[in-house]
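Peer 1: Pasting coords.txt here (compact mmCIF, C-alpha atoms and all ligand atoms):
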# COMPACT_ATOMS: atom_id res chain seq x y z
CA MET A 1 50.68 24.33 64.16
CA THR A 2 47.63 24.56 66.48
CA LEU A 3 44.38 22.81 65.66
CA VAL A 4 42.70 26.18 65.04
CA SER A 5 45.22 27.13 62.38
CA HIS A 6 45.34 23.62 60.95
CA SER A 7 41.52 23.58 60.69
CA LEU A 8 41.50 26.95 58.91
CA ASP A 9 44.22 25.68 56.63
CA VAL A 10 42.51 22.39 55.73
CA ILE A 11 39.25 24.19 54.98
CA LYS A 12 40.93 26.85 52.84
CA ARG A 13 43.11 24.32 51.03
CA TYR A 14 40.14 22.28 49.84
CA GLN A 15 37.63 25.07 49.13
CA SER A 16 36.94 25.02 45.40
CA ALA A 17 37.77 28.01 43.20
CA GLY A 18 34.02 28.65 42.95
CA GLY A 19 33.57 28.71 46.75
CA ALA A 20 32.19 25.21 47.53
CA TYR A 21 33.45 23.25 50.52
CA PRO A 22 33.84 19.53 49.78
CA ALA A 23 32.52 17.43 52.69
CA SER A 24 35.64 15.27 52.66
CA PRO A 25 38.08 15.57 49.76
CA THR A 26 39.35 12.00 49.96
CA PHE A 27 36.42 9.87 51.12
CA SER A 28 35.02 7.73 48.31
CA ALA A 29 31.32 8.46 48.85
CA TYR A 30 31.65 12.21 49.45
CA ARG A 31 34.51 13.16 47.10
CA GLY A 32 33.57 15.94 44.70
CA TYR A 33 30.39 16.94 46.57
CA SER A 34 29.39 19.83 48.79
CA TRP A 35 26.47 19.72 51.25
CA LEU A 36 24.66 22.86 52.37
CA ARG A 37 24.43 21.51 55.93
CA ASP A 38 28.15 20.76 56.30
CA GLY A 39 29.18 23.88 54.40
CA ALA A 40 27.03 26.25 56.45
CA PHE A 41 28.68 25.15 59.71
CA ILE A 42 32.12 25.18 58.09
CA ALA A 43 31.49 28.76 56.89
CA GLU A 44 30.35 29.75 60.38
CA GLY A 45 33.59 28.33 61.80
CA VAL A 46 35.90 30.22 59.44
CA SER A 47 33.80 33.39 59.63
CA ARG A 48 34.34 33.46 63.40
CA HIS A 49 38.12 33.24 62.91
CA GLY A 50 38.42 36.06 60.41
CA ASP A 51 38.30 34.22 57.08
CA ARG A 52 35.67 36.60 55.77
CA SER A 53 36.43 36.07 52.10
CA GLY A 54 36.34 32.25 52.34
CA ALA A 55 32.95 32.34 54.07
CA GLU A 56 31.60 34.87 51.56
CA ALA A 57 32.78 32.81 48.61
CA PHE A 58 30.84 29.87 50.05
CA HIS A 59 27.71 31.97 50.63
CA ALA A 60 27.88 33.36 47.10
CA TRP A 61 28.27 29.81 45.75
CA CYS A 62 25.17 28.66 47.69
CA ALA A 63 23.16 31.64 46.50
CA ARG A 64 24.13 30.84 42.93
CA VAL A 65 23.29 27.12 43.05
CA ILE A 66 19.97 27.81 44.74
CA SER A 67 18.94 30.72 42.52
CA ASP A 68 19.85 28.65 39.44
CA ARG A 69 16.96 26.44 40.56
CA ALA A 70 14.42 29.25 41.06
CA GLY A 71 12.40 27.97 38.09
CA GLN A 72 12.24 24.47 39.58
CA VAL A 73 11.14 25.93 42.94
CA ASP A 74 8.45 28.11 41.34
CA SER A 75 7.04 25.18 39.43
CA LEU A 76 7.05 22.89 42.52
CA VAL A 77 5.33 25.59 44.58
CA ALA A 78 2.72 26.23 41.86
CA ARG A 79 1.96 22.52 41.58
CA SER A 80 1.61 22.10 45.30
CA GLU A 81 -0.67 25.17 45.49
CA ARG A 82 -2.91 23.49 42.91
CA GLY A 83 -3.10 20.52 45.27
CA GLU A 84 -0.80 18.27 43.22
CA ARG A 85 1.47 15.89 45.08
CA VAL A 86 5.20 16.51 44.60
CA SER A 87 7.47 13.52 45.12
CA PRO A 88 10.81 13.52 46.98
CA ALA A 89 12.64 12.75 43.72
CA GLU A 90 11.48 16.07 42.22
CA MET A 91 12.76 18.25 45.05
CA LEU A 92 16.06 20.17 45.22
CA PRO A 93 19.15 18.05 45.90
CA THR A 94 20.86 17.44 49.23
CA ARG A 95 24.34 17.82 47.82
CA PHE A 96 25.85 19.43 44.71
CA THR A 97 29.02 18.85 42.73
CA LEU A 98 31.64 21.49 43.47
CA ASP A 99 30.62 23.36 40.33
CA GLY A 100 27.01 23.45 41.47
CA VAL A 101 25.42 20.73 39.38
CA ASP A 102 23.07 17.99 40.70
CA GLY A 103 25.18 14.83 41.06
CA ASP A 104 24.43 11.79 38.95
CA ASP A 105 25.26 9.20 41.63
CA ASP A 106 22.28 7.95 43.61
CA TRP A 107 21.88 9.76 46.93
CA TRP A 108 19.27 10.21 49.66
CA ASP A 109 18.20 13.32 47.90
CA PHE A 110 15.45 15.10 49.69
CA GLN A 111 16.57 17.00 52.79
CA LEU A 112 15.27 20.42 53.76
CA ASP A 113 17.52 21.22 56.72
CA GLY A 114 20.54 22.38 54.68
CA TYR A 115 18.56 25.18 53.03
CA GLY A 116 17.55 26.50 56.46
CA THR A 117 21.03 26.08 57.90
CA TRP A 118 22.51 28.02 55.00
CA LEU A 119 20.12 30.96 55.58
CA TRP A 120 20.97 30.89 59.29
CA ALA A 121 24.74 30.92 58.62
CA LEU A 122 24.45 33.69 56.05
CA ARG A 123 22.62 35.90 58.52
CA GLU A 124 25.17 35.16 61.30
CA HIS A 125 27.98 36.12 58.95
CA SER A 126 26.25 39.29 57.69
CA GLN A 127 25.60 40.44 61.25
CA ARG A 128 29.15 39.70 62.34
CA TYR A 129 30.66 41.80 59.58
CA GLY A 130 27.87 44.38 59.45
CA ALA A 131 27.21 44.00 55.73
CA ALA A 132 25.13 41.93 53.35
CA VAL A 133 26.99 39.40 51.20
CA ALA A 134 26.77 40.71 47.66
CA GLY A 135 24.75 38.73 45.16
CA THR A 136 22.87 36.53 47.64
CA GLU A 137 19.43 38.12 47.44
CA LYS A 138 17.86 35.86 44.83
CA GLY A 139 19.25 32.75 46.53
CA VAL A 140 17.77 33.84 49.87
CA ARG A 141 14.36 34.49 48.35
CA THR A 142 14.37 31.19 46.47
CA ALA A 143 15.40 29.18 49.55
CA ALA A 144 12.79 30.97 51.67
CA ARG A 145 10.00 30.29 49.14
CA TYR A 146 11.00 26.63 48.98
CA LEU A 147 11.06 26.17 52.77
CA THR A 148 7.87 28.17 53.28
CA ALA A 149 5.99 25.91 50.88
CA PHE A 150 7.42 22.54 51.95
CA TRP A 151 8.51 22.75 55.60
CA ASP A 152 5.89 20.26 56.76
CA LEU A 153 6.78 17.46 54.32
CA PRO A 154 8.59 14.38 55.60
CA CYS A 155 12.17 14.18 54.30
CA TYR A 156 15.52 12.53 55.07
CA ASP A 157 17.13 13.68 58.32
CA TRP A 158 20.65 15.06 58.98
CA TRP A 159 21.98 11.51 58.60
CA GLU A 160 20.19 10.81 55.29
CA GLU A 161 17.76 8.37 56.91
CA HIS A 162 13.98 7.85 57.39
CA VAL A 163 12.52 9.84 54.50
CA GLU A 164 9.00 9.00 55.70
CA GLN A 165 9.32 10.96 58.95
CA ARG A 166 9.23 14.58 60.07
CA HIS A 167 12.45 15.14 61.97
CA VAL A 168 12.58 17.65 64.78
CA ALA A 169 16.17 18.73 64.03
CA THR A 170 15.13 19.40 60.43
CA LEU A 171 12.19 21.51 61.62
CA GLY A 172 14.59 23.38 63.93
CA SER A 173 16.92 24.16 61.00
CA ILE A 174 14.04 25.42 58.86
CA HIS A 175 12.68 27.51 61.74
CA ALA A 176 16.07 29.21 62.16
CA GLY A 177 16.50 29.61 58.41
CA LEU A 178 13.15 31.27 57.82
CA ARG A 179 13.64 33.64 60.75
CA ALA A 180 17.04 34.52 59.31
CA ALA A 181 15.56 35.10 55.84
CA VAL A 182 12.99 37.51 57.27
CA ALA A 183 15.68 39.30 59.28
CA LEU A 184 17.93 39.66 56.23
CA GLY A 185 15.29 42.03 54.90
CA VAL A 186 15.26 40.94 51.26
CA LEU A 187 11.93 39.09 51.11
CA SER A 188 8.87 40.79 49.63
CA PRO A 189 6.14 41.64 52.17
CA ALA A 190 4.11 38.63 51.00
CA GLU A 191 7.12 36.27 51.20
CA SER A 192 7.97 37.58 54.61
CA ALA A 193 4.43 37.11 55.94
CA ALA A 194 4.26 33.57 54.56
CA ALA A 195 7.68 32.72 56.05
CA SER A 196 6.57 34.02 59.46
CA GLU A 197 3.42 31.93 59.23
CA ALA A 198 5.55 28.84 58.55
CA VAL A 199 7.74 29.68 61.57
CA ALA A 200 4.63 29.78 63.75
CA GLY A 201 3.42 26.53 62.20
CA ILE A 202 6.69 24.79 63.09
CA GLU A 203 6.47 26.00 66.68
CA ALA A 204 2.91 24.74 67.05
CA LEU A 205 3.65 21.37 65.47
CA VAL A 206 6.80 20.67 67.48
CA SER A 207 5.22 21.70 70.76
CA ALA A 208 2.22 19.44 70.06
CA ASP A 209 3.98 16.35 68.67
CA GLY A 210 7.73 16.75 69.10
CA VAL A 211 8.21 16.97 72.87
CA ALA A 212 8.43 13.74 74.89
CA GLU A 213 6.41 13.27 78.06
CA SER A 214 9.45 13.98 80.19
CA GLY A 215 10.03 17.26 78.42
CA TYR A 216 12.84 16.79 75.86
CA LEU A 217 12.71 17.04 72.06
CA MET A 218 12.19 13.81 70.14
CA LYS A 219 14.12 12.41 67.17
CA TRP A 220 11.06 12.66 64.94
CA LEU A 221 7.42 13.56 65.56
CA GLY A 222 5.98 10.77 67.66
CA ASN A 223 9.28 8.92 68.33
CA SER A 224 10.67 9.67 71.77
CA ALA A 225 14.21 8.43 71.04
CA VAL A 226 16.82 11.20 71.11
CA ASP A 227 19.32 12.15 68.42
CA GLY A 228 22.51 14.20 68.64
CA SER A 229 21.23 16.53 65.92
CA LEU A 230 18.57 17.79 68.37
CA LEU A 231 21.27 19.74 70.20
CA ALA A 232 21.15 22.27 67.36
CA CYS A 233 17.48 23.02 68.13
CA VAL A 234 18.73 24.66 71.33
CA GLU A 235 22.05 26.27 70.37
CA PRO A 236 22.41 27.59 67.72
CA PHE A 237 18.88 27.43 66.24
CA GLY A 238 16.96 28.53 69.33
CA LEU A 239 13.72 26.67 68.56
CA TYR A 240 13.85 26.11 72.33
CA PRO A 241 16.70 28.37 73.42
CA VAL A 242 19.21 27.92 76.21
CA GLY A 243 17.33 28.52 79.47
CA HIS A 244 14.00 27.16 78.19
CA PRO A 245 13.00 24.00 80.10
CA VAL A 246 12.56 22.01 76.85
CA GLY A 247 15.97 23.15 75.62
CA GLU A 248 17.62 22.29 78.92
CA ALA A 249 15.91 18.89 79.09
CA THR A 250 17.00 18.12 75.52
CA VAL A 251 20.67 18.86 76.15
CA ARG A 252 20.53 16.85 79.38
CA GLU A 253 18.87 13.84 77.76
CA VAL A 254 21.17 13.80 74.72
CA GLU A 255 24.17 13.95 77.01
CA ARG A 256 22.81 11.27 79.32
CA GLN A 257 22.01 8.82 76.53
CA LEU A 258 24.59 9.59 73.87
CA ALA A 259 27.76 11.11 75.34
CA VAL A 260 30.61 8.92 76.54
CA GLU A 261 33.84 10.47 77.78
CA GLY A 262 33.62 13.53 75.56
CA GLY A 263 32.45 11.79 72.38
CA VAL A 264 28.82 11.79 71.21
CA TYR A 265 26.90 9.09 69.34
CA ARG A 266 24.33 10.09 66.70
CA TYR A 267 21.57 7.87 68.21
CA LEU A 268 21.51 4.56 70.02
CA ALA A 269 20.41 2.43 67.06
CA ASP A 270 23.17 3.77 64.77
CA THR A 271 24.98 1.09 62.76
CA PHE A 272 26.88 3.28 60.20
CA TYR A 273 30.53 2.10 60.47
CA GLY A 274 29.40 0.22 63.58
CA GLY A 275 28.07 3.40 65.24
CA GLY A 276 31.02 5.38 66.61
CA ARG A 277 31.20 8.71 68.41
CA TRP A 278 31.04 11.79 66.14
CA VAL A 279 33.54 14.61 66.48
CA LEU A 280 31.14 17.27 65.19
CA LEU A 281 28.47 16.30 67.74
CA ALA A 282 30.96 16.83 70.56
CA GLY A 283 31.18 20.33 69.08
CA PHE A 284 27.40 20.87 69.35
CA LEU A 285 27.29 19.60 72.92
CA GLY A 286 30.23 21.78 73.94
CA TRP A 287 28.62 24.77 72.21
CA ASN A 288 25.45 24.24 74.25
CA HIS A 289 27.41 23.98 77.50
CA ALA A 290 29.37 27.12 76.66
CA ARG A 291 26.21 29.11 75.94
CA ALA A 292 24.63 27.90 79.16
CA GLY A 293 27.67 29.13 81.08
CA ARG A 294 29.13 25.66 81.77
CA ARG A 295 32.56 26.46 80.44
CA GLU A 296 34.44 23.61 82.07
CA GLU A 297 32.14 21.04 80.52
CA ALA A 298 32.43 22.81 77.17
CA ARG A 299 36.21 22.67 77.46
CA ARG A 300 36.09 18.92 78.07
CA TYR A 301 34.33 18.46 74.71
CA LEU A 302 36.80 20.73 72.92
CA ASP A 303 39.69 18.75 74.38
CA TRP A 304 38.12 15.47 73.35
CA MET A 305 37.69 16.76 69.80
CA ALA A 306 41.33 17.84 69.67
CA ALA A 307 42.46 14.45 70.98
CA GLN A 308 40.85 12.76 67.93
CA ALA A 309 43.16 14.53 65.45
CA ASP A 310 45.73 12.35 63.70
CA PRO A 311 49.43 13.32 63.80
CA SER A 312 48.93 15.72 60.89
CA GLY A 313 45.99 17.40 62.69
CA ASP A 314 43.19 15.99 60.54
CA LEU A 315 39.85 15.21 62.21
CA PRO A 316 37.65 12.25 61.22
CA GLU A 317 33.89 12.06 60.91
CA GLN A 318 33.60 9.45 63.67
CA VAL A 319 35.85 7.57 66.06
CA SER A 320 35.73 3.78 66.02
CA ASP A 321 37.11 2.75 69.42
CA ARG A 322 33.82 2.27 71.29
CA LEU A 323 31.33 1.17 68.68
CA LEU A 324 27.67 0.61 69.47
CA VAL A 325 27.55 -2.41 67.11
CA PRO A 326 31.11 -3.53 66.30
CA GLY A 327 29.82 -6.28 64.00
CA ARG A 328 28.49 -3.67 61.55
CA GLU A 329 31.76 -1.80 60.95
CA GLN A 330 33.38 -4.02 58.34
CA GLU A 331 30.54 -3.89 55.82
CA TRP A 332 30.96 -0.10 55.55
CA VAL A 333 34.74 -0.34 55.29
CA GLU A 334 34.24 -2.76 52.41
CA ARG A 335 31.64 -0.53 50.78
CA TRP A 336 33.24 2.92 51.14
CA GLY A 337 36.75 2.45 52.66
CA PRO A 338 37.96 3.81 56.03
CA VAL A 339 35.93 6.49 57.91
CA ALA A 340 35.99 9.93 56.19
CA LYS A 341 39.04 12.05 57.16
CA PRO A 342 39.56 14.92 57.05
CA LEU A 343 35.87 15.76 57.45
CA LEU A 344 35.65 19.51 56.97
CA TRP A 345 32.50 19.77 59.11
CA SER A 346 34.43 18.30 62.09
CA HIS A 347 37.04 21.05 61.60
CA GLY A 348 34.30 23.67 61.25
CA MET A 349 32.75 22.60 64.56
CA TYR A 350 36.13 22.65 66.26
CA LEU A 351 36.53 26.26 65.09
CA ILE A 352 33.10 27.24 66.41
CA LEU A 353 33.61 25.72 69.86
CA ALA A 354 37.16 27.06 70.09
CA ASP A 355 35.79 30.54 69.38
CA GLU A 356 33.03 30.12 71.99
CA LEU A 357 35.75 29.40 74.52
CA GLY A 358 38.09 32.15 73.39
CA VAL A 359 40.67 29.72 71.94
CA THR A 360 42.01 31.63 68.96
CA SER A 361 45.26 29.87 68.15
C1 LIG B 1 26.14 12.32 57.01
C2 LIG B 1 25.63 13.70 56.69
C3 LIG B 1 26.72 14.56 56.10
C4 LIG B 1 27.43 13.84 54.98
C5 LIG B 1 28.63 14.61 54.49
C6 LIG B 1 26.84 11.72 55.82
O1 LIG B 1 27.37 10.48 56.20
O2 LIG B 1 25.06 11.48 57.38
O3 LIG B 1 25.15 14.33 57.82
O4 LIG B 1 26.16 15.74 55.64
O5 LIG B 1 27.86 12.59 55.41
O6 LIG B 1 29.54 14.88 55.51
Reformat the file's structure so that it appears as structure tokens.
Ligand code: BGC
Peer 2:
Amino acid sequence: MTLVSHSLDVIKRYQSAGGAYPASPTFSAYRGYSWLRDGAFIAEGVSRHGDRSGAEAFHAWCARVISDRAGQVDSLVARSERGERVSPAEMLPTRFTLDGVDGDDDWWDFQLDGYGTWLWALREHSQRYGAAVAGTEKGVRTAARYLTAFWDLPCYDWWEEHVEQRHVATLGSIHAGLRAAVALGVLSPAESAAASEAVAGIEALVSADGVAESGYLMKWLGNSAVDGSLLACVEPFGLYPVGHPVGEATVREVERQLAVEGGVYRYLADTFYGGGRWVLLAGFLGWNHARAGRREEARRYLDWMAAQADPSGDLPEQVSDRLLVPGREQEWVERWGPVAKPLLWSHGMYLILADELGVTS
């Protein structure tokens, strides 16, 4: 079996009857939970390879879990419009149980990026198949209202860290999500105008405080370190698209600092499982190279991803052979067990990059 068909198979096998994608079905800390961020990229991967119904089941699941919380969103928005402070603990969750309930285990539960990434993926899918996904309208409007009201709040980043900061990759996800929501054509005129105003606000803020002196995007506003998640601000989110000097400088700087022989670290100070190279980030870097016309480089990242599969074809979250801080690996193994595998997001990214390069089997 090729890695494309194995990836499609793993994703389909573990998708819940209700449409949710578990992040990793066997990993102790993720088991039983679905993240909007992971799921959106997984859905994009399968959508590109013809699994229309799997992707649509996921989108319908997201729309349901988000619209179930429309009352919570309306009350948060009303309070913030009255000038009341809303706390991170009151916001929508980062991850949901497979049947769409807030989990009761403690988690780093205020992240905005997943809501934007979901809207982006839904729009990609709808455009690809030339039709709206039935039953998603209320979810889209709820997510758009939520992001429009709260896009400028600090929150946890893609890696569930630094809740006190405003992360550029998060702003890039929201920017793409709000543009997608407007383009989907289901917002009211007032919602659409407010969403477009937020999009302009993100652009102004990032260009003022999110670009380092030498021209690349920063990990968070005011911190000129780089982070692998910034790659998404170029391709696919297009906050600074391929060809824009800031986009080009970002891809170059992430690759220079974080890529080693095809694998990509999250950021230089990473200590999670000792800080290994992430399979899904190799996918983002390859995707950027492919879109910029550097197909050979893109192919190198695809090949590296494939080489990380175990004999059954399963891909891990990260690879532990060249750790940034080897002394910090064991504490995580003791806490949560071996590195997550299969990680469905790694398989989703493999599918996306394979499709970019015309690898269909
Ligand atoms: C990562 C998140 C991811 C989650 C589920 C966490 O360790 O930091 O980015 O969404 O795992 O895969």
Peer 1: Counting only C-alpha atoms and all ligand atoms, which protein, DNA or RNA residues come within 10 Å of ligand LIG 1 (chain B), given as a ChimeraX atom specification?
Peer 2: /A:22-24,27,29-31,33-39,94-95,108,114,156-161,229,266,272-273,280,317-318,339-340,343-346
Peer 1: Would you work out the distance separating atom CA of A:Phe284 from atom CA of A:Ala195, expressed in Å to one decimal?
Peer 2: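 Result for atom CA of A:Phe284 versus atom CA of A:Ala195: 26.6 Å, one decimal.
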Peer 1: Find the residues near A:Glu235: any atom within 8 Å, counting only C-alpha atoms, skip ones fewer than 6 places away on the same chain, and give them as a PDB file with C-alpha atoms, in the frame of the given file.
Peer 2:
ATOM      1  CA  PRO A 241      16.700  28.370  73.420  1.00  0.00           C
ATOM      2  CA  VAL A 242      19.210  27.920  76.210  1.00  0.00           C
ATOM      3  CA  PHE A 284      27.400  20.870  69.350  1.00  0.00           C
ATOM      4  CA  TRP A 287      28.620  24.770  72.210  1.00  0.00           C
ATOM      5  CA  ASN A 288      25.450  24.240  74.250  1.00  0.00           C
ATOM      6  CA  ARG A 291      26.210  29.110  75.940  1.00  0.00           C
TER       7      ARG A 291
END
Peer 1: Could you tell me how far atom CA of A:Leu171 lies from atom CA of A:Glu203, in Å and to one decimal?
Peer 2: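 Going from atom CA of A:Leu171 over to atom CA of A:Glu203, I get 8.9 Å.
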Peer 1: A:Val65: which residues within 9 Å, counting all atoms listed in the file, same-chain residues fewer than 6 positions away excluded, as a list in words?
Peer 2: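 Once the adjacent positions are removed, what remains is Phe96, Asp99, Gly100, Val101 and Gly139 of chain A.
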Peer 1: How many Å lie between atom CA of A:Arg179 and atom CA of A:Trp118, rounded to one decimal?
Peer 2: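 We find that atom CA of A:Arg179 and atom CA of A:Trp118 lie 12.0 Å from each other.
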Peer 1: Taking 2 positions as the minimum chain separation for residues in the same chain, which residues sit within 12 Å of A:Ser214 when counting only C-alpha atoms? Answer as JSON, numbers by chain.
Peer 2: {"A": [210, 211, 212, 216, 217, 218, 224, 225, 245, 246, 248, 249, 250, 252, 253]}
Peer 1: Can you pull out the residues contacting A:Trp220? Cut-off 6 Å, using all atoms listed in the file, and skip same-chain residues under 4 positions away; I want them as a ChimeraX atom specification.
Peer 2: /A:166-168
Peer 1: Using only C-alpha atoms, please write the residues we just selected to a file, as a PDB file, in the coordinates of the input.
Peer 2:
ATOM      1  CA  ARG A 166       9.230  14.580  60.070  1.00  0.00           C
ATOM      2  CA  HIS A 167      12.450  15.140  61.970  1.00  0.00           C
ATOM      3  CA  VAL A 168      12.580  17.650  64.780  1.00  0.00           C
TER       4      VAL A 168
END
Peer 1: Smallest atom-to-atom distance to A:Gly262: which of A:Tyr129, A:Trp278, A:Phe237, A:Trp61, using all atoms listed in the file?
Peer 2: A:Trp278
Peer 1: Pick out the closest residue to A:Leu119 from this set: A:Arg79, A:Ala89, A:Arg64, A:Ala181. Count only C-alpha atoms.
Peer 2: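 Comparing A:Arg79, A:Ala89, A:Arg64, A:Ala181 against A:Leu119, the winner is A:Ala181.
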Peer 1: With all atoms listed in the file as the counted atoms, please give the residues lying no more than 9 Å from A:Gly228, apart from itself and same-chain residues fewer than 4 positions off, as an NGL selection string.
Peer 2: :A and (219 or 232 or 254-255 or 258 or 264-267 or 281 or 284-285)
Peer 1: Measuring atom to atom with only C-alpha atoms, identify which of A:Ile66, A:Met349, A:Val333, A:Ile11 is nearest to A:Ala306.
Peer 2: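 The closest residue to A:Ala306 is A:Met349.
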Peer 1: Taking only C-alpha atoms into account, which of A:Ala269, A:Ala183, A:Ala198, A:Leu353 comes nearest A:Leu324?
Peer 2: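 Using only C-alpha atoms, the shortest distance to A:Leu324 belongs to A:Ala269.
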Peer 1: Mind listing whatever residues come within 12 Å of the point (11.0, 15.0, 41.0)? Use only C-alpha atoms, file coordinates, and give them as a PyMOL selection string.
Peer 2: chain A and resi 72-73+75-76+79+85-93+109-110
Peer 1: Go ahead and dump the residues you just picked, C-alpha atoms, as a short mmCIF file (atom, residue, chain, number, x, y, z; two decimals), keeping the file's coordinate frame.
Peer 2:
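So the final result, stored in selection.cif, reads:
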data_model
loop_
_atom_site.label_atom_id
_atom_site.label_comp_id
_atom_site.auth_asym_id
_atom_site.auth_seq_id
_atom_site.Cartn_x
_atom_site.Cartn_y
_atom_site.Cartn_z
CA GLN A 72 12.24 24.47 39.58
CA VAL A 73 11.14 25.93 42.94
CA SER A 75 7.04 25.18 39.43
CA LEU A 76 7.05 22.89 42.52
CA ARG A 79 1.96 22.52 41.58
CA ARG A 85 1.47 15.89 45.08
CA VAL A 86 5.20 16.51 44.60
CA SER A 87 7.47 13.52 45.12
CA PRO A 88 10.81 13.52 46.98
CA ALA A 89 12.64 12.75 43.72
CA GLU A 90 11.48 16.07 42.22
CA MET A 91 12.76 18.25 45.05
CA LEU A 92 16.06 20.17 45.22
CA PRO A 93 19.15 18.05 45.90
CA ASP A 109 18.20 13.32 47.90
CA PHE A 110 15.45 15.10 49.69
#
Peer 1: Please list, as a short mmCIF file (atom, residue, chain, number, x, y, z; two decimals) with C-alpha atoms, in the coordinates of the input, the residues that have an atom at most 6 Å away from (19.0, 24.6, 56.6) in the coordinates of this file, counting all atoms listed in the file.
Peer 2:
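Saved file point_30.cif follows:
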data_model
loop_
_atom_site.label_atom_id
_atom_site.label_comp_id
_atom_site.auth_asym_id
_atom_site.auth_seq_id
_atom_site.Cartn_x
_atom_site.Cartn_y
_atom_site.Cartn_z
CA ASP A 113 17.52 21.22 56.72
CA GLY A 114 20.54 22.38 54.68
CA TYR A 115 18.56 25.18 53.03
CA GLY A 116 17.55 26.50 56.46
CA THR A 117 21.03 26.08 57.90
CA TRP A 118 22.51 28.02 55.00
CA SER A 173 16.92 24.16 61.00
CA ILE A 174 14.04 25.42 58.86
CA GLY A 177 16.50 29.61 58.41
#
Peer 1: Quick one: of A:Gly54, A:Gly83, A:Gly337, A:Gly238, who's nearest to A:Tyr14, counting only C-alpha atoms?
Peer 2: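 Using only C-alpha atoms, A:Tyr14 sits closest to A:Gly54.
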